[in-house]
Amino acid sequence: MLLLIVFLNTTIVSFGQTELPLTAVQEQYANNKEATFVHTDKEAYLAGEIVWYKIYLLNTIGYTTANYNTIVYIELVNDKGAAVLQSKVELKKGLGSGSLYLPVTINTGAYTLISYTSQMKNGDPKLFFRKRVVITNALSANGSVLAASNNNAIVNFFPEGGDLIEGLITKVGVQVLDPGATKGIQAIGYILENETDTVARFETAKFGLGQFTYTPHSGKRYTAVVTVGNKAPVKTGLPTQKLNGHTISVTDAGKDAYKIIVSAQRAAPQKMYLVAHSDQTNKMAVEFDMDADNSFAYNVDKSRLGTGIIYFTLFNQHWQPVSERLVFIPQELPVTGVKISTEKNIFAGRENAPIELEPLQASGNSGVINASLSVYATDTNGSSAGTIHDYLLLTRHLAGKIEAPEFYFTPEAQQGNYIDNLMLVNGWRRFNTATTTGKKPVALPEYNGHIITARITNTWTNKPEADAACFLTVPSVPFGLFNGTSDAAGMVRFNITRYYGPGDIFIKPFPTGNNADTYRIDIISPFADSTSKIFYQPGFYLNPADSVELLKRSIAMQAQNIYNQDKLNRFLIPSYKDTLPFYDKPEITYLLDNYKRFSTMEEVLREYVTPINVVVRDKKLKMTFYDEKNQTVYRYAALVLLDGVPLADYNSIFNYDPFKVKQLDVIPRRFVIGSAVYSGIASFQTYDSKFNGFELDPSAIPIDYEGLELKREFFSPEYATNKGDLRIPDYRTTLLWNPDIRFAGNKKQQISCFTSDYTGTYKIVLQGITEDGKPVYGESTFKVDK
């Protein structure tokens, strides 16, 4: 008897293959709702220079700007997987900008610039934005490596689906790179079984990519022999085959369909799930049982898949991913969104080179365009700037460095195996089948400011402490006081606003008798902790032929840092519309300089702070608040703050030097914060608002914590009427950085750009996105001569 179960919006496939609702696997990819793109002012830098960047936070469906997360994290990761620079960038309506200063101690090498939101940490880290950035330290030989004298090519193999399984025929992608591991090269090769029998042959095509097919057998060893040009052959081993597992193979079954073949070896009979998805959209989901010969074949129409990168993921009966294959269906490359032109092709030093930007109607960009613009001196070590179009539609889904990604959108790429080779090599990843699914996210989205997370541990039991109420204070003007309560895992989260730049924060448990000093508080880093495992760039090797160019650029960098140091280190201080503290406008404010200055805090409070009573009990000074309504004194504790930091023993304020206090705010009323009730608030503010010169409460934990990044001002002199002081060199290599270009309609814009004394070829690059999610890119060049 055949039992049919019909789901809403599903169909029944013959031979017992039941198509699942498209929402059934949505949880697997629920945290990939957004993507970041970072436009940097150039592609290669020297130690001592500044990296300028613009961040675009976009929805993965439609690529419109995403407005729900307000913070993006950016890191510069070295070749060992360690972050050498980190920053937290504030976004407004999905857009933000900033800068990173490269210290003169940084080593020469190829680095990875990554960016992500807090919510993206719950998803696949491979979908973080990543970009290769080359840094040369011309002042130190540390980390510098000359071009390798060994001319052996680098050969890599990538089994289709992730693994080689004994007895299963498998397609293998092959990649042959030059010794510097930056460009693919043509090669021919063959596969030997036990060093004797040839079982496969291959020849790499464009960008050093190719493929071959063979069947690995039990007890056999396989070696590749690769020849590049007329050089001696290189021998290398293939990945070790597994005894059991699954493979997935995708082939083009004609113009309109793909054929998917799933094979298994020594696997227990079970239900399997084949899912085709792209970002947040599930295109197809099929449940099936492996047949008698442990194989399954299925055809899917390309019309169902749409365009872009499509993931075919194979899940076992426990919804654990066991194999995956990517395909790419290109979209038509749109017309460049903005035309860039200059008055002439060659300019003199210290001359205005105005740049005209014209949105093109042919691209359909009649609405609003948000963009960023850079003008920089080209560098022999810098690769071409990747476009936002290529990144969103192709490279963000793929591992490794993609050579000439724009090629894969051309008609030529549709012929032969060019796209298939790219997907085999750069779409490759192996799953950890032990990974459990359905875990709750541990990183929360940051809708309004930065979330600081801490773990509360009971020092007596060494276990997480639940329901521990805490304060977090950011001493500043105005200071911030935030509260939170730990969950069952001991995690407490504080939603922080208006905290920028370096400084200290203080975390303190609410007054809870003798329990407060039994807590240990550890701050959890907001940055991703898995970057060292997945982000890696091919090595960068110095070429002696570039020494003259590097010397020229090094002199330019040093001259800039010597003569314009102050101008390069100007930061914009954020202005606040709301400058009131958490208790809003105080009922009474005392500016102590308006009164007679007394030498003790006792005299200050006794003489003119009328809402506070000062009494002596048990030979100690005590303060209480007067309840004017009931004409009595409040019997419970007050909240006394010094630069926003709560004092555990609030009467210890009597020991503080009153000459350091600028202002005292008083709230002579009951005040509730979290689960605590106070008889009133006395907030003392010092002249520098940095909470110093006072013995710290042992239960308050001071932490050196970097806030949101302060915006650095871009320095560019103007030579409108004269060429300035010719005795002071102007060796800027980045002539212009404007992260806030905005077009409304098709109106032209003209932007001033003043050249420097640094001669050479300059590139103008514009990256952006339209209001309706269309990528925009434009570039042009000009020269600066003496």
# chains A, B, ... in the order shown; residues from 1 in each chain; ligands from 1
$ residues_around --residues "Arg670 of chain A" --least-positions-apart "4" --cutoff "8 Å" --atoms "only C-alpha atoms" --output "list in words"
Val677, Tyr678, Ser679 and Gly680 of chain A
$ write_last_selection --atoms "N, CA and C atoms" --output "short mmCIF file (atom, residue, chain, number, x, y, z; two decimals), in the first residue's frame"
data_model
loop_
_atom_site.label_atom_id
_atom_site.label_comp_id
_atom_site.auth_asym_id
_atom_site.auth_seq_id
_atom_site.Cartn_x
_atom_site.Cartn_y
_atom_site.Cartn_z
N VAL A 677 16.63 48.87 45.35
CA VAL A 677 15.93 50.12 45.66
C VAL A 677 16.84 50.97 46.53
N TYR A 678 17.00 52.25 46.15
CA TYR A 678 17.90 53.15 46.87
C TYR A 678 17.10 54.32 47.42
N SER A 679 17.59 54.88 48.53
CA SER A 679 16.90 56.00 49.15
C SER A 679 17.14 57.30 48.40
N GLY A 680 18.14 57.34 47.54
CA GLY A 680 18.46 58.52 46.76
C GLY A 680 19.78 58.31 46.05
#
$ residues_around --residues "His397 of chain A" --least-positions-apart "3" --cutoff "8 Å" --atoms "only C-alpha atoms" --output "PDB file with C-alpha atoms, in the first residue's frame"
ATOM      1  CA  LYS A 126      33.413  31.082   6.064  1.00  0.00           C
ATOM      2  CA  LEU A 127      30.749  33.644   5.145  1.00  0.00           C
ATOM      3  CA  ILE A 309      26.018  30.379  -5.962  1.00  0.00           C
ATOM      4  CA  LEU A 394      30.502  34.995  -6.297  1.00  0.00           C
ATOM      5  CA  GLY A 427      33.883  25.860  -3.266  1.00  0.00           C
TER       6      GLY A 427
END
$ residues_around --residues "Lys302 of chain A" --least-positions-apart "2" --cutoff "8 Å" --atoms "only C-alpha atoms" --output "number ranges by chain"
A: 256-258, 300, 304-306
$ residues_around --residues "Ile769 of chain A" --least-positions-apart "4" --cutoff "10 Å" --atoms "only C-alpha atoms" --output "JSON, numbers by chain"
{"A": [56, 58, 63, 64, 65, 337, 365, 368, 369, 370, 371, 372, 388, 389, 742, 773, 774, 775, 776, 777]}
$ residues_around --residues "Ile355 of chain A" --least-positions-apart "5" --cutoff "6 Å" --atoms "only C-alpha atoms" --output "PyMOL selection string"
chain A and resi 341-342+750-751
